[in-house]
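Dumped start.txt below, it's compact mmCIF, C-alpha atoms:
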```
# COMPACT_ATOMS: atom_id res chain seq x y z
CA MET A 1457 146.68 29.11 -134.93
CA PRO A 1458 143.45 30.07 -136.72
CA ASP A 1459 143.29 29.79 -140.52
CA ALA A 1460 145.85 32.33 -141.77
CA ARG A 1461 143.95 32.63 -145.07
CA ASP A 1462 140.67 33.76 -143.49
CA ALA A 1463 140.43 37.42 -142.52
CA SER A 1464 136.64 37.54 -142.44
CA PRO A 1465 134.79 39.59 -141.31
CA TYR A 1466 137.53 42.08 -142.18
CA ASP A 1467 137.95 43.31 -145.74
CA ALA A 1468 141.02 45.56 -145.40
CA LEU A 1469 144.05 46.36 -143.24
CA LEU A 1470 145.11 49.96 -142.60
CA LEU A 1471 148.74 50.72 -141.73
CA LEU A 1472 148.49 53.80 -139.50
CA SER A 1473 151.66 55.77 -138.82
CA PHE A 1474 153.05 59.13 -137.73
CA GLY A 1475 154.21 60.50 -141.07
CA GLY A 1476 157.18 62.68 -141.89
CA PRO A 1477 158.42 65.34 -144.32
CA GLU A 1478 159.76 64.27 -147.69
CA GLY A 1479 161.67 67.44 -148.59
CA PRO A 1480 162.94 70.72 -147.07
CA ASP A 1481 159.74 72.62 -147.92
CA ASP A 1482 157.71 70.03 -145.99
CA VAL A 1483 159.53 70.36 -142.67
CA VAL A 1484 157.81 73.39 -141.10
CA PRO A 1485 154.29 72.48 -142.35
CA PHE A 1486 154.83 68.97 -141.00
CA LEU A 1487 155.90 70.31 -137.61
CA GLU A 1488 152.88 72.64 -137.62
CA ASN A 1489 150.71 69.55 -138.01
CA VAL A 1490 152.52 67.76 -135.18
CA THR A 1491 152.24 70.73 -132.77
CA ARG A 1492 148.83 72.04 -133.84
CA GLY A 1493 146.99 73.77 -131.01
CA ARG A 1494 150.11 74.37 -128.89
CA GLY A 1495 150.78 77.91 -130.13
CA ILE A 1496 154.44 77.29 -131.04
CA PRO A 1497 155.84 80.11 -133.23
CA LYS A 1498 157.05 79.28 -136.73
CA GLU A 1499 160.57 80.49 -135.90
CA ARG A 1500 160.76 77.95 -133.08
CA LEU A 1501 159.58 75.22 -135.46
CA LYS A 1502 162.39 76.14 -137.85
CA GLU A 1503 164.85 75.60 -135.00
CA VAL A 1504 163.31 72.23 -134.15
CA GLY A 1505 163.37 71.31 -137.83
CA GLN A 1506 167.17 71.45 -137.95
CA HIS A 1507 167.19 67.72 -137.16
CA TYR A 1508 165.36 67.14 -140.43
CA PHE A 1509 167.41 69.65 -142.42
CA LEU A 1510 170.56 67.71 -141.47
CA PHE A 1511 169.08 64.85 -143.53
CA GLY A 1512 167.95 66.98 -146.48
CA GLY A 1513 164.56 67.69 -144.95
CA VAL A 1514 163.52 64.08 -145.45
CA SER A 1515 162.34 61.75 -142.72
CA PRO A 1516 163.01 58.10 -143.50
CA ILE A 1517 159.70 57.00 -141.97
CA ASN A 1518 157.61 57.20 -145.13
CA ASP A 1519 160.02 55.09 -147.17
CA GLN A 1520 160.16 52.63 -144.28
CA ASN A 1521 156.38 52.42 -144.26
CA ARG A 1522 156.43 51.77 -148.00
CA ALA A 1523 158.89 48.93 -147.40
CA LEU A 1524 156.62 47.53 -144.68
CA LEU A 1525 153.61 47.77 -147.00
CA ASP A 1526 155.52 45.78 -149.62
CA ALA A 1527 156.54 43.19 -147.04
CA LEU A 1528 152.97 42.80 -145.77
CA ARG A 1529 151.50 42.47 -149.25
CA LYS A 1530 154.16 39.93 -150.22
CA ASP A 1531 153.63 37.85 -147.09
CA PHE A 1532 149.84 37.94 -147.41
CA ALA A 1533 149.99 36.86 -151.05
CA GLU A 1534 152.44 34.04 -150.33
CA HIS A 1535 150.15 32.66 -147.60
CA GLY A 1536 146.87 33.02 -149.45
CA LEU A 1537 145.52 35.88 -147.35
CA ASP A 1538 143.38 38.01 -149.66
CA LEU A 1539 143.35 41.24 -147.69
CA PRO A 1540 144.19 44.60 -149.29
CA VAL A 1541 146.57 46.83 -147.31
CA TYR A 1542 146.22 50.63 -147.22
CA TRP A 1543 148.36 53.30 -145.55
CA GLY A 1544 147.48 56.55 -143.78
CA ASN A 1545 149.41 58.97 -141.55
CA ARG A 1546 148.62 61.21 -138.63
CA ASN A 1547 150.74 64.21 -139.67
CA TRP A 1548 151.66 63.98 -143.36
CA ALA A 1549 150.55 62.57 -146.69
CA PRO A 1550 149.00 60.14 -147.20
CA TYR A 1551 146.70 61.58 -144.55
CA LEU A 1552 144.49 59.23 -142.56
CA THR A 1553 141.21 60.92 -143.53
CA ASP A 1554 142.08 60.74 -147.24
CA THR A 1555 142.99 57.07 -146.94
CA LEU A 1556 139.81 56.18 -145.03
CA ARG A 1557 137.77 58.02 -147.67
CA GLU A 1558 139.50 55.97 -150.36
CA MET A 1559 138.78 52.77 -148.45
CA VAL A 1560 135.09 53.61 -148.07
CA ARG A 1561 134.81 54.41 -151.78
CA ASP A 1562 136.50 51.08 -152.50
CA GLY A 1563 133.70 49.39 -150.55
CA ARG A 1564 135.65 48.52 -147.39
CA ARG A 1565 133.29 48.13 -144.43
CA ARG A 1566 135.27 46.20 -141.77
CA ILE A 1567 138.76 47.62 -141.29
CA LEU A 1568 141.60 46.38 -139.09
CA VAL A 1569 144.25 48.92 -138.09
CA LEU A 1570 147.96 48.24 -137.53
CA ALA A 1571 149.58 51.18 -135.73
CA THR A 1572 153.35 51.55 -135.97
CA SER A 1573 153.62 51.60 -132.18
CA ALA A 1574 153.97 48.34 -130.27
CA TYR A 1575 153.27 49.56 -126.73
CA ALA A 1576 150.51 51.08 -124.62
CA SER A 1577 150.62 54.86 -124.20
CA TYR A 1578 148.52 57.89 -125.03
CA SER A 1579 150.64 58.95 -128.02
CA GLY A 1580 151.23 55.38 -129.19
CA CYS A 1581 147.65 54.13 -128.99
CA ARG A 1582 144.84 56.36 -127.74
CA GLN A 1583 145.90 59.35 -129.84
CA TYR A 1584 145.73 57.17 -132.94
CA ARG A 1585 142.23 56.15 -131.83
CA GLU A 1586 141.38 59.85 -131.55
CA ASN A 1587 142.76 60.38 -135.06
CA LEU A 1588 140.55 57.56 -136.32
CA ALA A 1589 137.50 59.14 -134.67
CA ASP A 1590 138.34 62.53 -136.22
CA ALA A 1591 138.66 60.94 -139.65
CA LEU A 1592 135.36 59.06 -139.27
CA ALA A 1593 133.67 62.28 -138.16
CA ALA A 1594 134.93 64.01 -141.30
CA LEU A 1595 133.58 61.23 -143.51
CA ASP A 1596 130.28 61.30 -141.63
CA ALA A 1597 130.00 65.03 -142.32
CA GLU A 1598 130.50 64.25 -146.02
CA GLY A 1599 127.59 61.82 -145.90
CA LEU A 1600 129.70 58.73 -146.50
CA GLU A 1601 128.79 55.33 -145.07
CA LEU A 1602 131.10 54.74 -142.12
CA PRO A 1603 133.09 51.51 -141.82
CA LYS A 1604 133.57 49.64 -138.56
CA VAL A 1605 137.16 50.06 -137.45
CA ASP A 1606 139.09 47.81 -135.05
CA LYS A 1607 142.72 48.07 -133.95
CA LEU A 1608 145.15 45.16 -133.66
CA ARG A 1609 146.39 44.53 -130.14
CA HIS A 1610 149.79 45.65 -128.89
CA TYR A 1611 152.44 43.36 -130.34
CA PHE A 1612 155.50 44.20 -128.19
CA ASN A 1613 155.79 40.60 -127.00
CA HIS A 1614 154.93 38.78 -130.22
CA PRO A 1615 157.86 36.55 -131.31
CA GLY A 1616 157.81 38.10 -134.78
CA PHE A 1617 158.61 41.46 -133.18
CA LEU A 1618 161.08 40.14 -130.60
CA GLU A 1619 163.19 37.81 -132.73
CA PRO A 1620 164.47 40.46 -135.18
CA MET A 1621 165.49 42.65 -132.22
CA ILE A 1622 167.30 39.75 -130.54
CA ASP A 1623 169.21 39.09 -133.76
CA GLY A 1624 170.03 42.79 -134.04
CA VAL A 1625 171.59 42.86 -130.57
CA LEU A 1626 173.59 39.71 -131.31
CA ARG A 1627 174.93 41.24 -134.55
CA SER A 1628 175.87 44.46 -132.75
CA LEU A 1629 177.71 42.55 -130.04
CA ALA A 1630 179.60 40.61 -132.71
CA GLU A 1631 180.70 43.89 -134.30
CA LEU A 1632 182.38 45.09 -131.09
CA PRO A 1633 186.10 44.48 -130.58
CA GLU A 1634 186.56 41.06 -129.00
CA ASP A 1635 188.32 42.44 -125.93
CA VAL A 1636 185.27 44.52 -124.89
CA ARG A 1637 182.45 42.35 -126.25
CA ASP A 1638 181.68 40.17 -123.23
CA GLY A 1639 181.66 43.14 -120.86
CA ALA A 1640 179.37 45.27 -123.03
CA HIS A 1641 176.32 46.79 -121.39
CA LEU A 1642 172.94 46.73 -123.17
CA ALA A 1643 170.96 49.99 -123.25
CA PHE A 1644 167.35 49.33 -124.29
CA SER A 1645 166.07 52.65 -125.57
CA THR A 1646 162.56 53.99 -126.09
CA HIS A 1647 160.82 57.33 -126.43
CA SER A 1648 160.64 59.29 -123.20
CA ILE A 1649 157.15 60.49 -122.28
CA PRO A 1650 155.88 62.58 -119.34
CA THR A 1651 155.81 60.49 -116.18
CA ALA A 1652 152.15 61.41 -115.74
CA SER A 1653 151.37 59.84 -119.12
CA ALA A 1654 153.43 56.76 -118.32
CA ASP A 1655 151.72 56.32 -114.95
CA THR A 1656 148.28 56.25 -116.60
CA SER A 1657 149.25 54.07 -119.58
CA GLY A 1658 147.35 50.86 -120.17
CA PRO A 1659 144.13 49.73 -118.49
CA VAL A 1660 143.16 51.35 -115.19
CA GLU A 1661 144.29 48.35 -113.14
CA GLU A 1662 147.82 48.77 -114.54
CA HIS A 1663 148.08 52.47 -113.69
CA GLY A 1664 150.78 53.41 -111.21
CA ASP A 1665 154.52 53.93 -111.28
CA GLY A 1666 155.36 53.85 -115.01
CA GLY A 1667 152.11 52.09 -115.89
CA ALA A 1668 151.89 49.59 -118.72
CA TYR A 1669 154.35 51.61 -120.83
CA VAL A 1670 157.33 50.99 -118.58
CA LYS A 1671 156.21 47.48 -117.61
CA GLN A 1672 155.93 46.36 -121.25
CA HIS A 1673 159.34 47.78 -122.19
CA LEU A 1674 160.97 46.12 -119.20
CA ASP A 1675 159.42 42.81 -120.21
CA VAL A 1676 160.80 43.13 -123.75
CA ALA A 1677 164.25 44.14 -122.48
CA GLN A 1678 164.34 41.17 -120.11
CA GLN A 1679 163.36 38.75 -122.88
CA ILE A 1680 166.05 40.06 -125.22
CA ALA A 1681 168.72 40.01 -122.50
CA ASP A 1682 167.71 36.45 -121.57
CA ALA A 1683 167.86 35.33 -125.21
CA VAL A 1684 171.30 36.91 -125.65
CA ARG A 1685 172.54 35.08 -122.55
CA GLU A 1686 171.14 31.77 -123.77
CA ARG A 1687 172.72 32.12 -127.22
CA THR A 1688 176.11 33.52 -126.21
CA GLY A 1689 176.64 32.23 -122.67
CA VAL A 1690 177.29 35.81 -121.52
CA ASP A 1691 175.04 37.62 -119.05
CA HIS A 1692 175.23 41.27 -120.14
CA PRO A 1693 174.14 44.00 -117.69
CA TRP A 1694 171.26 46.04 -119.06
CA GLN A 1695 169.03 49.02 -118.39
CA LEU A 1696 165.94 50.63 -119.90
CA VAL A 1697 166.79 54.18 -121.04
CA TYR A 1698 164.96 56.98 -122.79
CA GLN A 1699 165.47 59.43 -125.65
CA SER A 1700 163.76 62.15 -127.67
CA ARG A 1701 162.39 64.23 -124.80
CA SER A 1702 160.57 67.27 -126.18
CA GLY A 1703 158.57 68.75 -123.30
CA ALA A 1704 158.96 71.79 -121.07
CA PRO A 1705 161.90 71.44 -118.63
CA HIS A 1706 159.69 71.74 -115.52
CA ILE A 1707 157.52 68.73 -116.47
CA PRO A 1708 158.95 65.36 -115.29
CA TRP A 1709 159.68 62.91 -118.10
CA LEU A 1710 160.96 59.35 -117.94
CA GLU A 1711 164.71 59.06 -117.32
CA PRO A 1712 167.63 58.34 -117.67
CA ASP A 1713 168.34 59.98 -121.01
CA ILE A 1714 170.51 57.84 -123.28
CA CYS A 1715 173.36 60.36 -123.45
CA ASP A 1716 173.41 60.75 -119.66
CA HIS A 1717 173.36 56.96 -119.38
CA LEU A 1718 176.42 56.64 -121.63
CA GLY A 1719 178.31 59.00 -119.35
CA GLU A 1720 177.27 57.04 -116.28
CA ARG A 1721 178.27 53.69 -117.81
CA HIS A 1722 181.64 55.08 -118.86
CA ALA A 1723 182.26 56.49 -115.38
CA ALA A 1724 181.35 53.11 -113.91
CA GLY A 1725 183.93 51.36 -116.08
CA ALA A 1726 181.75 49.77 -118.76
CA PRO A 1727 184.02 48.74 -121.66
CA ALA A 1728 181.34 49.10 -124.36
CA VAL A 1729 177.60 49.65 -124.92
CA VAL A 1730 175.08 48.27 -127.38
CA ILE A 1731 172.01 50.49 -127.82
CA ALA A 1732 168.87 48.60 -128.79
CA PRO A 1733 165.98 50.91 -129.81
CA ILE A 1734 163.22 48.55 -128.70
CA GLY A 1735 160.60 51.30 -128.54
CA PHE A 1736 160.62 51.94 -132.29
CA VAL A 1737 159.33 49.87 -135.19
CA SER A 1738 161.68 51.43 -137.76
CA ASP A 1739 164.84 53.55 -138.09
CA HIS A 1740 163.01 56.87 -138.38
CA MET A 1741 164.29 60.36 -137.56
CA GLU A 1742 164.38 59.97 -133.79
CA VAL A 1743 166.59 56.90 -134.17
CA LEU A 1744 168.82 58.49 -136.79
CA TYR A 1745 169.30 61.77 -134.93
CA ASP A 1746 169.03 60.92 -131.22
CA LEU A 1747 170.99 57.68 -131.43
CA ASP A 1748 173.06 57.63 -134.62
CA THR A 1749 174.00 61.32 -134.29
CA GLU A 1750 173.78 62.58 -130.69
CA ALA A 1751 174.39 59.34 -128.76
CA LYS A 1752 177.13 58.30 -131.19
CA ALA A 1753 178.86 61.66 -130.74
CA ARG A 1754 178.62 61.33 -126.95
CA ALA A 1755 180.12 57.83 -127.02
CA GLU A 1756 182.97 59.01 -129.24
CA GLU A 1757 183.60 61.94 -126.89
CA LEU A 1758 183.87 59.48 -124.01
CA GLY A 1759 185.99 57.01 -125.96
CA LEU A 1760 183.31 54.39 -125.29
CA PRO A 1761 182.87 51.72 -128.00
CA MET A 1762 179.20 51.76 -129.00
CA ARG A 1763 177.03 49.95 -131.52
CA ARG A 1764 173.36 50.55 -132.29
CA SER A 1765 171.25 47.53 -133.22
CA ALA A 1766 168.59 47.59 -135.91
CA THR A 1767 164.88 48.09 -135.46
CA VAL A 1768 162.40 45.54 -136.80
CA GLY A 1769 161.44 47.54 -139.89
CA ALA A 1770 160.17 45.39 -142.76
CA ASP A 1771 161.70 42.14 -141.48
CA PRO A 1772 159.74 39.20 -142.96
CA ARG A 1773 159.20 37.81 -139.46
CA PHE A 1774 157.39 41.00 -138.49
CA ALA A 1775 155.24 40.85 -141.62
CA ALA A 1776 154.39 37.26 -140.70
CA ALA A 1777 153.53 38.38 -137.17
CA VAL A 1778 151.07 40.93 -138.55
CA ARG A 1779 149.43 38.21 -140.63
CA GLU A 1780 149.12 36.05 -137.51
CA LEU A 1781 147.65 38.97 -135.56
CA VAL A 1782 145.12 39.56 -138.32
CA ALA A 1783 144.10 35.88 -138.36
CA GLU A 1784 143.90 35.84 -134.57
CA ARG A 1785 141.65 38.91 -134.34
CA ALA A 1786 139.47 37.75 -137.24
CA ALA A 1787 138.91 34.41 -135.53
CA VAL A 1788 137.94 36.19 -132.30
CA GLU A 1789 135.42 38.29 -134.23
CA ARG A 1790 133.98 35.08 -135.72
CA GLY A 1791 133.47 33.73 -132.20
CA GLN A 1792 136.23 31.10 -132.30
CA ASP A 1793 138.40 30.14 -129.33
CA VAL A 1794 141.90 31.48 -129.89
CA THR A 1795 145.13 31.16 -127.92
CA PRO A 1796 146.96 34.42 -128.67
CA CYS A 1797 150.66 34.26 -129.40
CA ALA A 1798 152.75 36.15 -126.84
CA LEU A 1799 156.05 35.61 -125.02
CA GLY A 1800 157.27 36.83 -121.66
CA ALA A 1801 155.59 37.44 -118.33
CA LEU A 1802 152.75 39.74 -119.36
CA GLY A 1803 150.77 37.64 -121.80
CA ALA A 1804 148.80 38.94 -124.77
CA SER A 1805 147.43 42.46 -124.63
CA HIS A 1806 143.71 43.25 -124.87
CA ASN A 1807 141.95 43.33 -128.23
CA LEU A 1808 139.59 46.12 -127.19
CA CYS A 1809 141.00 49.12 -125.33
CA PRO A 1810 138.95 49.41 -122.11
CA VAL A 1811 137.44 52.58 -120.71
CA GLY A 1812 140.12 54.63 -118.93
CA CYS A 1813 142.98 53.09 -120.92
CA CYS A 1814 145.76 55.64 -121.61
CA PRO A 1815 143.45 58.62 -120.95
CA ALA A 1816 143.88 62.01 -122.59
CA ARG A 1817 144.25 65.21 -120.58
CA ALA A 1818 140.82 66.25 -121.87
CA PRO A 1819 138.24 63.70 -123.09
CA ARG A 1820 137.97 63.40 -126.87
CA PRO A 1821 136.00 61.07 -129.14
CA VAL A 1822 137.82 57.83 -129.93
CA ALA A 1823 137.35 54.83 -132.21
CA ALA A 1824 138.28 51.14 -131.88
CA GLY A 1825 137.72 50.72 -128.16
CA ALA A 1826 135.15 49.96 -125.47
CA ASP A 1827 134.48 53.72 -125.29
CA SER A 1828 134.35 54.14 -129.06
CA THR A 1829 132.22 56.95 -130.42
CA TYR A 1830 131.87 54.97 -133.65
CA ALA A 1831 130.95 51.42 -132.66
```
Could you write out this structure as structure tokens?
Amino acid sequence: MPDARDASPYDALLLLSFGGPEGPDDVVPFLENVTRGRGIPKERLKEVGQHYFLFGGVSPINDQNRALLDALRKDFAEHGLDLPVYWGNRNWAPYLTDTLREMVRDGRRRILVLATSAYASYSGCRQYRENLADALAALDAEGLELPKVDKLRHYFNHPGFLEPMIDGVLRSLAELPEDVRDGAHLAFSTHSIPTASADTSGPVEEHGDGGAYVKQHLDVAQQIADAVRERTGVDHPWQLVYQSRSGAPHIPWLEPDICDHLGERHAAGAPAVVIAPIGFVSDHMEVLYDLDTEAKARAEELGLPMRRSATVGADPRFAAAVRELVAERAAVERGQDVTPCALGALGASHNLCPVGCCPARAPRPVAAGADSTYA
């Protein structure tokens, strides 16, 4: 590993996330931000917002990002990494543009970005790069000196991301009644996206059926299932499933849906299911509602014992993984030879998103890539 205390040439890390409402009055304005440009009426947004109103109008994602910030700062300090950590969101305060403006005024000129999405996809990577370009354009219009911005590589197969999920599945299995535990099926869940977006996810050479998005999730699921078998002696059947579909019914999205999958497993005689939300960094609203509310209700309706394992969240091993990713990328920028840390069959992801990676429907300026508008 490169020197974990040396982040040069970088002088700051930016935690970049989705954002979420923090009270009932925030819900509709937040959803207006999320759906801007789609022409969705306010009344429809109020209907969609019922998921948030069930939880007092508060998404847990902002508090979870605060916990991750604390974990990162603690880990960095304990390991002598003098790198300030900032936080900005796509859709709610603290907004990305405001945070970047603060960073520039603090004198930050080389910024690394950690996105709270571990996999390749338009919404999980390129759209964040578009957000960064929009924010830089706004600062440019204000006459501010623009920093150079780079994005940390996808970390889906870093051991610091995988190990907490493995432990979560093992804990969930242990919570099941002993008579159904060994026969439990594992449902590895992630966000459904349009099949067209999945097929074009990742670099051009990885485009095809499911693209890098599906391939990366399958790799993670296989590694977790293998680790569970090695540690328990039980080979649990598993499947990659999807949740949180939000598109028009006529547009194909990745399937099977988690609730449909529970019905299929029950009909096939599965004695129990453990749901592992491998596509999510933290237990935000889509985990709490789609899994802990809807999927739980479906399992209870079927009489199917079900447990949901934890996401990585602010686990110290994930904070350590981020520190290692920072040191790795910094060493690359300094011209050092680095062996990136990655498990599984796919190897380490690219540091620089290539041209054609996770393309948008219509070309837009992006940052932190080979096609960056702001190099």
Between stretch 1616-1648 of chain A and stretch 1743-1765 of chain A, at 8 Å or less, what are the per-residue closest atom pairs and their distances in Å? Count all atoms listed in the file, order by chain and rising residue number, and return it as CSV.
```
residue,atom,partner,partner_atom,distance
A:Met1621,CA,A:Ser1765,CA,7.6
A:Gly1624,CA,A:Ser1765,CA,5.0
A:Val1625,CA,A:Ser1765,CA,5.4
A:Arg1627,CA,A:Ser1765,CA,7.4
A:Ser1628,CA,A:Ser1765,CA,5.6
A:Leu1629,CA,A:Arg1763,CA,7.6
A:Glu1631,CA,A:Arg1763,CA,7.6
A:Leu1632,CA,A:Arg1763,CA,7.2
```
Output file for the selection above: C-alpha atoms, as a compact mmCIF listing (two decimals), in the coordinates of the input:
```txt
# COMPACT_ATOMS: atom_id res chain seq x y z
CA MET A 1621 165.49 42.65 -132.22
CA GLY A 1624 170.03 42.79 -134.04
CA VAL A 1625 171.59 42.86 -130.57
CA ARG A 1627 174.93 41.24 -134.55
CA SER A 1628 175.87 44.46 -132.75
CA LEU A 1629 177.71 42.55 -130.04
CA GLU A 1631 180.70 43.89 -134.30
CA LEU A 1632 182.38 45.09 -131.09
```
All residues 7 Å or closer to stretch 1666-1674 of chain A, only C-alpha atoms, same chain fewer than 2 positions away omitted, as a ChimeraX atom specification: /A:1575-1577,1651,1654-1658,1662-1664,1676-1678,1696
For a cutoff of 12 Å around the file-coordinate point (163.4, 56.1, -127.0), which residues qualify once you count all atoms listed in the file? I'd like the result as a PyMOL selection string. chain A and resi 1573+1643-1649+1669-1670+1673+1696-1702+1709-1715+1731-1747+1751+1767
Near A:Glu1601, counting only C-alpha atoms, which residues have an atom at most 12 Å away, once you skip same-chain residues fewer than 5 positions from it, shown as a PyMOL selection string? chain A and resi 1556-1566+1592-1596+1830
Close residues, stretch 1486-1501 of chain A itself excluded, 10 Å, only C-alpha atoms, min 2 positions apart in chain, as a list of chain:residue names: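 Returned residues: A:Phe1474, A:Gly1475, A:Gly1476, A:Pro1477, A:Glu1478, A:Asp1481, A:Asp1482, A:Val1483, A:Val1484, A:Glu1503, A:Val1504, A:Gly1505, A:Gln1506, A:Arg1546, A:Asn1547, A:Trp1548, A:Ala1549.
Rounded to one decimal, atom CA of A:Asn1613 and atom CA of A:Val1794 lie 16.9 Å from each other.
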Selection near A:Ala1777, 10 Å with only C-alpha atoms, sequence-local residues under 2 positions removed, as a list in words: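 Contacts, with the query itself left out: Leu1528, Asp1531, Tyr1611, His1614, Pro1615, Gly1616, Phe1617, Asp1771, Pro1772, Arg1773, Phe1774, Ala1775, Arg1779, Glu1780, Leu1781, Val1782, Ala1783 and Cys1797 of chain A.
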Writing out the chosen residues with C-alpha atoms as a short mmCIF file (atom, residue, chain, number, x, y, z; two decimals), in the frame of the given file:
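Listed below is the output, again20.cif:
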```cif
data_model
loop_
_atom_site.label_atom_id
_atom_site.label_comp_id
_atom_site.auth_asym_id
_atom_site.auth_seq_id
_atom_site.Cartn_x
_atom_site.Cartn_y
_atom_site.Cartn_z
CA LEU A 1528 152.97 42.80 -145.77
CA ASP A 1531 153.63 37.85 -147.09
CA TYR A 1611 152.44 43.36 -130.34
CA HIS A 1614 154.93 38.78 -130.22
CA PRO A 1615 157.86 36.55 -131.31
CA GLY A 1616 157.81 38.10 -134.78
CA PHE A 1617 158.61 41.46 -133.18
CA ASP A 1771 161.70 42.14 -141.48
CA PRO A 1772 159.74 39.20 -142.96
CA ARG A 1773 159.20 37.81 -139.46
CA PHE A 1774 157.39 41.00 -138.49
CA ALA A 1775 155.24 40.85 -141.62
CA ARG A 1779 149.43 38.21 -140.63
CA GLU A 1780 149.12 36.05 -137.51
CA LEU A 1781 147.65 38.97 -135.56
CA VAL A 1782 145.12 39.56 -138.32
CA ALA A 1783 144.10 35.88 -138.36
CA CYS A 1797 150.66 34.26 -129.40
#
```
